[in-house]
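A.B. asks: Sharing a structure with you now.
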Amino acid sequence: MVFTAVRCWNFDKMLAPVVPEHTPTSLVTIGRILKPFGVRGEVKVESMSDVPGRFSELHSVHLALQHGTPLETTVTTVRQVNLGYIMGFSAFSTPEEAALYRGAWIQVQECADLPREPGTFYQFELIGLRVEDPDGQPMGNVEEIMDYPQHQVLVIRNNEKEVLIPVSRQTIEMVDLHHKFLRLTSKEWWDVTYAL
């Protein structure tokens with residue numbers, strides 16, 4: 001199976017949306033469980049994939065909570081509703097069991113030859129990257145990427161605080177996937193206190 005359009009960013013062009021989460025087991029996040037739905041253990045799912053028919057063709061997926069090993073399970077039902085999906089998995093059959101997976105990422109095996117142009121980064125590659133300020137000081141890790149009408153925003157968290165950074169060439173100096181870090185540009189582009 002080839003990914004033709006997993007959401008990605010190209011810093012050389014206008015930005016396109018992006019996705020969580022790259023794990024050492026080569027899994028790509030394609031969706032997130034929002035909440036239980038109904039009495040049969042189904043769940044409401046937010047899609048994070050641009051691939052047409054991505055969810056209707058699923059047979060086996062991994063469900064990954066924030067901390068813990070991804071659980072491999074079989075997809076039993078899929079139906080599209082509004083902007084998301086209602087899905088059933090063999091791993092749970094009651095709303096109480098499904099509630100334990102609220103917020104879990106739905107992941108599939110990564111395809112090694114993802115299409116890309118120079119300067120393009122897939123969202124799952126950015127989740128988990130260590131973030132440094134322009135002086136090389138650690139700020140935290142990219143935990144999430146939020147979509148807004150005008151741009152995307154990196155959610156960077158550490159033990160003390162959460163920082164929201166708009167994604168653009170003005171705010172991100174460098175992305176190094178090999179060393180797993182992202183460096184921000186001058187604080188004047190992203191730090192509100194800098195302007196005060």
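Ordering of the structure tokens sets the chain letters (A, B, ...); residue numbers start at 1 within each chain; ligands are numbered from 1 in the order shown.
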Enumerate, in order of chain and increasing residue number, the residues of segment 56-87 of chain A with an atom no farther than 6 Å from segment 23-46 of chain A, each with its shortest atom pair and distance in Å to one decimal, counting only C-alpha atoms, as CSV.

C.D. replies:
residue,atom,partner,partner_atom,distance
A:Gly84,CA,A:Glu46,CA,5.0
A:Tyr85,CA,A:Val45,CA,5.1
A:Ile86,CA,A:Lys44,CA,4.7
A:Met87,CA,A:Val43,CA,5.4

A.B. asks: Just to be explicit: take each residue in the selection above, keep N, CA and C atoms, and write the result as a compact mmCIF listing (two decimals), in the first residue's frame.

C.D. replies:
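Contents of part.txt, as written:
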# COMPACT_ATOMS: atom_id res chain seq x y z
N GLY A 84 -15.98 12.78 10.25
CA GLY A 84 -15.21 11.72 10.90
C GLY A 84 -15.75 10.34 10.55
N TYR A 85 -15.46 9.39 11.43
CA TYR A 85 -15.87 8.00 11.23
C TYR A 85 -16.37 7.42 12.54
N ILE A 86 -17.24 6.43 12.43
CA ILE A 86 -17.61 5.58 13.55
C ILE A 86 -16.95 4.24 13.26
N MET A 87 -16.15 3.75 14.21
CA MET A 87 -15.41 2.51 13.98
C MET A 87 -15.59 1.54 15.13

A.B. asks: Within 10 Å of segment 171-185 of chain A, which residues of segment 122-163 of chain A show up? Give each one with its shortest atom-to-atom distance in Å (one decimal) and the two atoms involved, counting only C-alpha atoms, rows by chain then rising residue number, as a Markdown table.

C.D. replies:
| residue | atom | partner | partner_atom | distance |
| --- | --- | --- | --- | --- |
| A:Glu125 | CA | A:Leu177 | CA | 7.2 |
| A:Leu126 | CA | A:Leu177 | CA | 7.9 |
| A:Ile127 | CA | A:Lys180 | CA | 9.8 |
| A:Gly128 | CA | A:Lys180 | CA | 8.1 |
| A:Leu129 | CA | A:Phe181 | CA | 4.9 |
| A:Arg130 | CA | A:Phe181 | CA | 4.5 |
| A:Val131 | CA | A:Leu182 | CA | 4.9 |
| A:Glu132 | CA | A:Arg183 | CA | 4.8 |
| A:Asp133 | CA | A:Leu184 | CA | 5.2 |
| A:Pro134 | CA | A:Thr185 | CA | 5.4 |
| A:Asp135 | CA | A:Arg183 | CA | 9.0 |
| A:Gly136 | CA | A:Arg183 | CA | 7.4 |
| A:Gln137 | CA | A:Arg183 | CA | 9.3 |
| A:Pro138 | CA | A:Arg183 | CA | 9.2 |
| A:Met139 | CA | A:Arg183 | CA | 9.7 |
| A:Asn141 | CA | A:Phe181 | CA | 8.6 |
| A:Val142 | CA | A:Leu182 | CA | 8.9 |

A.B. asks: Would you save the residues of that selection, restricted to C-alpha atoms, as a short mmCIF file (atom, residue, chain, number, x, y, z; two decimals), in the first residue's frame?

C.D. replies:
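Everything below was put into part_33.cif:
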data_model
loop_
_atom_site.label_atom_id
_atom_site.label_comp_id
_atom_site.auth_asym_id
_atom_site.auth_seq_id
_atom_site.Cartn_x
_atom_site.Cartn_y
_atom_site.Cartn_z
CA GLU A 125 7.74 12.86 11.53
CA LEU A 126 7.42 16.07 13.55
CA ILE A 127 5.49 14.67 16.51
CA GLY A 128 7.91 13.83 19.30
CA LEU A 129 10.80 15.95 17.98
CA ARG A 130 12.88 17.78 20.58
CA VAL A 131 12.51 21.56 20.16
CA GLU A 132 15.33 24.05 20.71
CA ASP A 133 15.26 27.83 20.85
CA PRO A 134 17.69 29.82 18.62
CA ASP A 135 20.40 29.50 21.30
CA GLY A 136 20.14 25.69 21.32
CA GLN A 137 18.35 25.55 24.69
CA PRO A 138 15.71 22.79 25.00
CA MET A 139 12.07 23.95 25.10
CA ASN A 141 8.87 18.21 22.56
CA VAL A 142 6.31 18.58 19.78
#

A.B. asks: Name all residues at most 9 Å from Pro70 of chain A (count only C-alpha atoms; drop same-chain ones fewer than 5 positions away) and give them as a list in words.

C.D. replies: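 Final neighbour list, sorted by chain and number: His62, Leu63, Ala64, Leu65, Trp105 and Gln107 of chain A.
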
A.B. asks: What separation in Å, quoted to one decimal, exists between atom CA of Arg54 of chain A and atom CA of Thr77 of chain A?

C.D. replies: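 Atom CA of Thr77 of chain A lies 13.5 Å from atom CA of Arg54 of chain A.
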
A.B. asks: Could you work out how far atom CA of Ile106 of chain A lies from atom CA of Ile156 of chain A, giving the answer in Å with one decimal?

C.D. replies: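 It comes out at 21.3 Å.
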
A.B. asks: Residues within 7 Å of segment 153-155 of chain A, please, as a list in words. Count only C-alpha atoms; anything in the same chain fewer than 2 positions from it doesn't count.

C.D. replies: Val142, Glu143, Glu144, Ile145, Met146, Asp147, His151, Arg157, Glu162, Val163, Leu164, Ile165, Pro166 and Val167 of chain A

A.B. asks: Those residues with N, CA and C atoms, as a PDB file, in the first residue's frame please?

C.D. replies:
ATOM      1  N   VAL A 142       7.545  18.358  20.540  1.00  0.00           N
ATOM      2  CA  VAL A 142       6.312  18.578  19.785  1.00  0.00           C
ATOM      3  C   VAL A 142       5.349  17.464  20.183  1.00  0.00           C
ATOM      4  N   GLU A 143       4.254  17.822  20.846  1.00  0.00           N
ATOM      5  CA  GLU A 143       3.284  16.845  21.338  1.00  0.00           C
ATOM      6  C   GLU A 143       2.084  16.710  20.414  1.00  0.00           C
ATOM      7  N   GLU A 144       1.776  17.794  19.708  1.00  0.00           N
ATOM      8  CA  GLU A 144       0.550  17.817  18.915  1.00  0.00           C
ATOM      9  C   GLU A 144       0.693  18.895  17.854  1.00  0.00           C
ATOM     10  N   ILE A 145      -0.108  18.785  16.797  1.00  0.00           N
ATOM     11  CA  ILE A 145      -0.154  19.827  15.773  1.00  0.00           C
ATOM     12  C   ILE A 145      -1.615  20.176  15.560  1.00  0.00           C
ATOM     13  N   MET A 146      -1.943  21.430  15.810  1.00  0.00           N
ATOM     14  CA  MET A 146      -3.333  21.873  15.688  1.00  0.00           C
ATOM     15  C   MET A 146      -3.533  22.579  14.356  1.00  0.00           C
ATOM     16  N   ASP A 147      -4.686  22.314  13.737  1.00  0.00           N
ATOM     17  CA  ASP A 147      -5.050  22.939  12.467  1.00  0.00           C
ATOM     18  C   ASP A 147      -5.927  24.148  12.705  1.00  0.00           C
ATOM     19  N   HIS A 151      -3.237  28.609   9.404  1.00  0.00           N
ATOM     20  CA  HIS A 151      -1.964  27.908   9.529  1.00  0.00           C
ATOM     21  C   HIS A 151      -2.095  26.780  10.546  1.00  0.00           C
ATOM     22  N   ARG A 157       5.435  20.953  24.578  1.00  0.00           N
ATOM     23  CA  ARG A 157       5.236  20.822  26.017  1.00  0.00           C
ATOM     24  C   ARG A 157       6.517  20.327  26.683  1.00  0.00           C
ATOM     25  N   GLU A 162       3.393  24.870  28.389  1.00  0.00           N
ATOM     26  CA  GLU A 162       3.026  24.540  27.014  1.00  0.00           C
ATOM     27  C   GLU A 162       3.248  25.795  26.173  1.00  0.00           C
ATOM     28  N   VAL A 163       3.876  25.640  25.010  1.00  0.00           N
ATOM     29  CA  VAL A 163       4.141  26.766  24.114  1.00  0.00           C
ATOM     30  C   VAL A 163       3.504  26.443  22.771  1.00  0.00           C
ATOM     31  N   LEU A 164       2.799  27.407  22.200  1.00  0.00           N
ATOM     32  CA  LEU A 164       2.177  27.254  20.886  1.00  0.00           C
ATOM     33  C   LEU A 164       2.981  28.059  19.877  1.00  0.00           C
ATOM     34  N   ILE A 165       3.453  27.391  18.816  1.00  0.00           N
ATOM     35  CA  ILE A 165       4.288  28.037  17.807  1.00  0.00           C
ATOM     36  C   ILE A 165       3.614  27.912  16.445  1.00  0.00           C
ATOM     37  N   PRO A 166       3.271  29.037  15.801  1.00  0.00           N
ATOM     38  CA  PRO A 166       2.721  28.946  14.443  1.00  0.00           C
ATOM     39  C   PRO A 166       3.785  28.401  13.495  1.00  0.00           C
ATOM     40  N   VAL A 167       3.361  27.585  12.541  1.00  0.00           N
ATOM     41  CA  VAL A 167       4.307  26.959  11.623  1.00  0.00           C
ATOM     42  C   VAL A 167       4.492  27.836  10.390  1.00  0.00           C
TER      43      VAL A 167
END

A.B. asks: Using DSSP on the backbone, list every residue of segment 27-108 of chain A that comes out as strand (DSSP E or B), and give them as a VMD selection string.

C.D. replies: chain A and resid 27 to 37 42 to 47 60 to 64 71 to 81 84 to 89 105 to 108
